[in-house]
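Input: a single structure, listed below in structure tokens.
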Amino acid sequence: MEFPFDVDALLPERITVLDQHLRPPARRPGTTATARVDQQQQIMTIVDELGKASAKAQHLPAPITSASRMQSNRHVMYVLKDTSARPTGRGAIIGFLKVGYKKLFVLDDREAHNEVEPLCILDFYIHESLQRHGHGQELFQYMLQKERVEPHQLAIDRPSQKLLKFLNKHYNLETTVPQVNNFVIFEGFFAHQHPPARKLPPKRAEGDIKPYSSSDREFLKVAVEPPWPLNRAPRRATPQAHPPPRSSSLGNSPERGPLRPFVPEQELLRSLRLCPPHPTARLLLATDPGGSPTQRRRTR
């Protein structure tokens with residue numbers, strides 16, 4: 001791909017590595033700030049045009065590589081330049097390879113979910129007129145050495161049939177591990193990785209909410225009969241079948257009302273006077289008629 005500016009002067013190396021800043025690879029002495037801005041605009045133009053050409057070759061509805069996407073993500077772009085002589089003398093671009101680390105949930109051979117963050121192949125393009133000349137392998141091999149990874153450790157985002165054949169031909173990557181997302185990983189991906197499988201905690205059985213302990217429920221079921229004569233007091237309406245509400249304070253016991261109403265003092269004394277004397281008291285009165293009045297009053 002040719003451009004209306006000097007690509008050889010902008011990208012001095014055969015393979016240039018661009019990050020999210022999209023800055024020129026080297027600053028020449030004496031370069032002004034305006035010239036650096038112009039160079040960055042030229043690099044952004046190269047990235048945009050390469051993204052459009054890749055999307056057209058893969059029949060994508062929109063480019064997945066652009067200058068704005070590069071600036072908003074921590075991706076790395078390897079750009080391959082043609083160093084042969086050109087009629088225009090400005091150089092040309094052969095292709096590019098974009099990679100980046102992404103957090104993924106992938107399935108292993110046992111269909112267990114694993115959370116990993118591998119290096120991913122996000123976009124790969126070689127110009128149609130320069131394919132099958134070894135440029136793709138040169139660019140891919142340079143990336144592997146720079147990133148220090150093995151081919152089977154990579155995850156590929158929506159690879160085309162050409163890319164799958166390329167990986168099978170040059171790196172013997174053939175057997176894939178089925179996934180539920182758009183990424184493709186090959187056999188041996190987990191050979192040197194041991195990510196912990198994410199297991200969901202066991203679901204707790206849903207039951208009735210118990211506002212108080214079993215001992216409280218048993219105590220409320222059995223009503224304790226008060227001693228005589230409190231049990232002779234008239235009873236109120238029967239309480240509700242539901243247990244009393246729980247106290248609003250956390251950790252307090254449920255509030256319970258009195259089991260029997262309190263008896264007034266006058267009613268208690270009247271009940272005591274009306275109750276019949278004990279048989280022992282009757283015997284004492286019969287055997288000791290001359291007892292003192294105090295004893296009689298006490299007996300009565």
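Chain labels follow the order of the structure tokens: the first chain is A, the next B, and so on; residue numbering restarts at 1 in every chain, and ligands are counted from 1 in their shown order.
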(message) I'd like the neighbourhood of Gly100 (chain A) as a PyMOL selection string, where a residue qualifies if any of its atoms comes within 10 Å (using only C-alpha atoms), though same-chain residues fewer than 3 positions away should be ignored.
(response) chain A and resi 73-77+117-123+155
Output N, CA and C atoms for every residue in the selection just made, as a PDB file, in the first residue's frame.
```pdb
ATOM      1  N   ASN A  73      -7.193   1.581  23.513  1.00  0.00           N
ATOM      2  CA  ASN A  73      -6.891   0.237  24.007  1.00  0.00           C
ATOM      3  C   ASN A  73      -5.375   0.058  24.074  1.00  0.00           C
ATOM      4  N   ARG A  74      -4.977  -0.880  24.932  1.00  0.00           N
ATOM      5  CA  ARG A  74      -3.556  -1.195  25.074  1.00  0.00           C
ATOM      6  C   ARG A  74      -3.169  -2.290  24.082  1.00  0.00           C
ATOM      7  N   HIS A  75      -3.330  -2.011  22.825  1.00  0.00           N
ATOM      8  CA  HIS A  75      -2.954  -2.955  21.780  1.00  0.00           C
ATOM      9  C   HIS A  75      -1.617  -2.552  21.164  1.00  0.00           C
ATOM     10  N   VAL A  76      -0.969  -3.534  20.555  1.00  0.00           N
ATOM     11  CA  VAL A  76       0.316  -3.322  19.895  1.00  0.00           C
ATOM     12  C   VAL A  76       0.166  -3.725  18.439  1.00  0.00           C
ATOM     13  N   MET A  77       0.692  -2.891  17.562  1.00  0.00           N
ATOM     14  CA  MET A  77       0.555  -3.100  16.121  1.00  0.00           C
ATOM     15  C   MET A  77       1.943  -3.214  15.493  1.00  0.00           C
ATOM     16  N   GLU A 117      -5.799 -14.671  30.816  1.00  0.00           N
ATOM     17  CA  GLU A 117      -5.528 -13.405  30.125  1.00  0.00           C
ATOM     18  C   GLU A 117      -4.374 -13.626  29.149  1.00  0.00           C
ATOM     19  N   PRO A 118      -4.627 -14.296  28.034  1.00  0.00           N
ATOM     20  CA  PRO A 118      -3.552 -14.612  27.091  1.00  0.00           C
ATOM     21  C   PRO A 118      -3.331 -13.472  26.106  1.00  0.00           C
ATOM     22  N   LEU A 119      -2.243 -13.596  25.352  1.00  0.00           N
ATOM     23  CA  LEU A 119      -1.999 -12.688  24.234  1.00  0.00           C
ATOM     24  C   LEU A 119      -2.881 -13.130  23.066  1.00  0.00           C
ATOM     25  N   CYS A 120      -3.626 -12.205  22.498  1.00  0.00           N
ATOM     26  CA  CYS A 120      -4.612 -12.527  21.463  1.00  0.00           C
ATOM     27  C   CYS A 120      -4.200 -11.912  20.130  1.00  0.00           C
ATOM     28  N   ILE A 121      -4.444 -12.666  19.063  1.00  0.00           N
ATOM     29  CA  ILE A 121      -4.292 -12.143  17.707  1.00  0.00           C
ATOM     30  C   ILE A 121      -5.613 -11.463  17.344  1.00  0.00           C
ATOM     31  N   LEU A 122      -5.581 -10.146  17.190  1.00  0.00           N
ATOM     32  CA  LEU A 122      -6.797  -9.372  16.974  1.00  0.00           C
ATOM     33  C   LEU A 122      -7.034  -9.023  15.505  1.00  0.00           C
ATOM     34  N   ASP A 123      -5.976  -8.851  14.737  1.00  0.00           N
ATOM     35  CA  ASP A 123      -6.131  -8.526  13.317  1.00  0.00           C
ATOM     36  C   ASP A 123      -4.811  -8.830  12.609  1.00  0.00           C
ATOM     37  N   ALA A 155      -4.434 -16.869  21.630  1.00  0.00           N
ATOM     38  CA  ALA A 155      -5.871 -16.964  21.368  1.00  0.00           C
ATOM     39  C   ALA A 155      -6.183 -16.065  20.182  1.00  0.00           C
TER      40      ALA A 155
END
```
Contacts of Met70 (chain A) at 12 Å or less, counting only C-alpha atoms, minus same-chain residues fewer than 5 places along, as a JSON list (two decimals) with N, CA, C and O atoms, in the first residue's frame?
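So around37.json came out as:
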```json
[["chain", "number", "residue", "atom", "x", "y", "z"],
["A", 18, "LEU", "N", 4.07, -0.15, 16.96],
["A", 18, "LEU", "CA", 3.28, 1.01, 17.38],
["A", 18, "LEU", "C", 2.41, 0.63, 18.56],
["A", 18, "LEU", "O", 1.78, -0.43, 18.58],
["A", 19, "ASP", "N", 2.36, 1.52, 19.57],
["A", 19, "ASP", "CA", 1.49, 1.31, 20.72],
["A", 19, "ASP", "C", 0.32, 2.27, 20.63],
["A", 19, "ASP", "O", 0.05, 2.87, 19.58],
["A", 20, "GLN", "N", -0.38, 2.44, 21.76],
["A", 20, "GLN", "CA", -1.58, 3.27, 21.75],
["A", 20, "GLN", "C", -1.29, 4.76, 21.55],
["A", 20, "GLN", "O", -2.21, 5.52, 21.22],
["A", 21, "HIS", "N", -0.05, 5.20, 21.72],
["A", 21, "HIS", "CA", 0.27, 6.63, 21.55],
["A", 21, "HIS", "C", 0.45, 7.00, 20.07],
["A", 21, "HIS", "O", 0.32, 8.19, 19.73],
["A", 22, "LEU", "N", 0.76, 6.02, 19.22],
["A", 22, "LEU", "CA", 0.91, 6.24, 17.78],
["A", 22, "LEU", "C", 1.91, 7.36, 17.49],
["A", 22, "LEU", "O", 1.67, 8.25, 16.67],
["A", 23, "ARG", "N", 3.04, 7.29, 18.17],
["A", 23, "ARG", "CA", 4.09, 8.29, 17.97],
["A", 23, "ARG", "C", 5.13, 7.77, 16.99],
["A", 23, "ARG", "O", 5.29, 6.56, 16.84],
["A", 43, "ILE", "N", 0.98, 8.69, 10.68],
["A", 43, "ILE", "CA", 0.88, 7.33, 11.25],
["A", 43, "ILE", "C", -0.58, 6.95, 11.45],
["A", 43, "ILE", "O", -0.98, 5.81, 11.17],
["A", 44, "MET", "N", -1.40, 7.87, 11.91],
["A", 44, "MET", "CA", -2.82, 7.59, 12.09],
["A", 44, "MET", "C", -3.47, 7.30, 10.74],
["A", 44, "MET", "O", -4.36, 6.43, 10.65],
["A", 47, "VAL", "N", -2.62, 3.69, 9.84],
["A", 47, "VAL", "CA", -3.40, 2.73, 10.64],
["A", 47, "VAL", "C", -4.83, 2.64, 10.13],
["A", 47, "VAL", "O", -5.40, 1.54, 10.00],
["A", 48, "ASP", "N", -5.43, 3.77, 9.83],
["A", 48, "ASP", "CA", -6.82, 3.76, 9.35],
["A", 48, "ASP", "C", -6.93, 3.04, 8.00],
["A", 48, "ASP", "O", -7.87, 2.25, 7.78],
["A", 51, "GLY", "N", -6.55, -0.71, 8.40],
["A", 51, "GLY", "CA", -7.76, -1.29, 8.98],
["A", 51, "GLY", "C", -8.87, -1.45, 7.96],
["A", 51, "GLY", "O", -9.58, -2.47, 7.95],
["A", 64, "ILE", "N", -12.08, -3.22, 12.20],
["A", 64, "ILE", "CA", -11.83, -3.50, 13.62],
["A", 64, "ILE", "C", -10.49, -2.92, 14.06],
["A", 64, "ILE", "O", -10.14, -3.03, 15.25],
["A", 65, "THR", "N", -9.77, -2.30, 13.15],
["A", 65, "THR", "CA", -8.51, -1.63, 13.46],
["A", 65, "THR", "C", -8.59, -0.20, 12.95],
["A", 65, "THR", "O", -8.88, 0.03, 11.77],
["A", 75, "HIS", "N", -3.33, -2.01, 22.82],
["A", 75, "HIS", "CA", -2.95, -2.95, 21.78],
["A", 75, "HIS", "C", -1.62, -2.55, 21.16],
["A", 75, "HIS", "O", -1.21, -1.39, 21.26],
["A", 76, "VAL", "N", -0.97, -3.53, 20.55],
["A", 76, "VAL", "CA", 0.32, -3.32, 19.90],
["A", 76, "VAL", "C", 0.17, -3.72, 18.44],
["A", 76, "VAL", "O", -0.40, -4.78, 18.13],
["A", 77, "MET", "N", 0.69, -2.89, 17.56],
["A", 77, "MET", "CA", 0.56, -3.10, 16.12],
["A", 77, "MET", "C", 1.94, -3.21, 15.49],
["A", 77, "MET", "O", 2.79, -2.32, 15.66],
["A", 98, "LYS", "N", -1.88, -7.06, 14.58],
["A", 98, "LYS", "CA", -2.28, -6.39, 15.82],
["A", 98, "LYS", "C", -2.53, -7.44, 16.90],
["A", 98, "LYS", "O", -3.28, -8.41, 16.68],
["A", 99, "VAL", "N", -1.94, -7.25, 18.09],
["A", 99, "VAL", "CA", -2.08, -8.17, 19.21],
["A", 99, "VAL", "C", -2.42, -7.37, 20.47],
["A", 99, "VAL", "O", -2.26, -6.14, 20.51],
["A", 100, "GLY", "N", -2.88, -8.08, 21.48],
["A", 100, "GLY", "CA", -3.21, -7.45, 22.75],
["A", 100, "GLY", "C", -3.65, -8.49, 23.77],
["A", 100, "GLY", "O", -4.15, -9.56, 23.40],
["A", 122, "LEU", "N", -5.58, -10.15, 17.19],
["A", 122, "LEU", "CA", -6.80, -9.37, 16.97],
["A", 122, "LEU", "C", -7.03, -9.02, 15.51],
["A", 122, "LEU", "O", -8.18, -8.89, 15.09],
["A", 123, "ASP", "N", -5.98, -8.85, 14.74],
["A", 123, "ASP", "CA", -6.13, -8.53, 13.32],
["A", 123, "ASP", "C", -4.81, -8.83, 12.61],
["A", 123, "ASP", "O", -3.73, -8.57, 13.15]]
```
(request) Pick out the closest residue to Lys56 (chain A) from this set: A:Gly136, A:Tyr125, A:Val79, A:Pro151. Count only C-alpha atoms. (result) A:Tyr125
(message) Calculated over only C-alpha atoms, which of the candidates A:Met1, A:Ala57, A:Leu80, A:Ala35 has the smallest distance to Leu139 (chain A)?
(response)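 Closest candidate: A:Leu80.
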(request) Compile the contact shell of Phe140 (chain A) as a list in words: residues with an atom at most 10 Å away, counting only C-alpha atoms, same-chain residues fewer than 3 positions apart removed. (result)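 Here the qualifying residues turn out to be Tyr78, Phe96, Leu97, Phe124, His135, Gly136, Gln137, Met143, Leu144, Gln145, Lys146, Pro151 and Leu167 of chain A.
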Those residues with C-alpha atoms, as a JSON list (two decimals), in the first residue's frame please?
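Final output, saved to again.json:
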```json
[["chain", "number", "residue", "atom", "x", "y", "z"],
["A", 78, "TYR", "CA", 3.43, -4.54, 14.07],
["A", 96, "PHE", "CA", 0.35, -5.45, 9.77],
["A", 97, "LEU", "CA", -0.36, -7.67, 12.79],
["A", 124, "PHE", "CA", -3.75, -9.81, 10.63],
["A", 135, "HIS", "CA", 5.94, -11.80, 4.47],
["A", 136, "GLY", "CA", 3.25, -13.10, 6.79],
["A", 137, "GLN", "CA", 5.55, -15.64, 8.41],
["A", 143, "MET", "CA", 5.96, -10.84, 16.93],
["A", 144, "LEU", "CA", 6.53, -14.19, 18.70],
["A", 145, "GLN", "CA", 10.12, -13.29, 19.49],
["A", 146, "LYS", "CA", 9.21, -9.79, 20.64],
["A", 151, "PRO", "CA", 2.15, -20.18, 18.97],
["A", 167, "LEU", "CA", -1.11, -21.51, 11.42]]
```
(message) Considering only helix (DSSP H, G or I) as DSSP defines it on the backbone, what residues of region 5-180 of chain A qualify? List them as a ChimeraX atom specification.
(response) /A:7-10,33-57,67-72,128-130,135-147,151-153,161-171
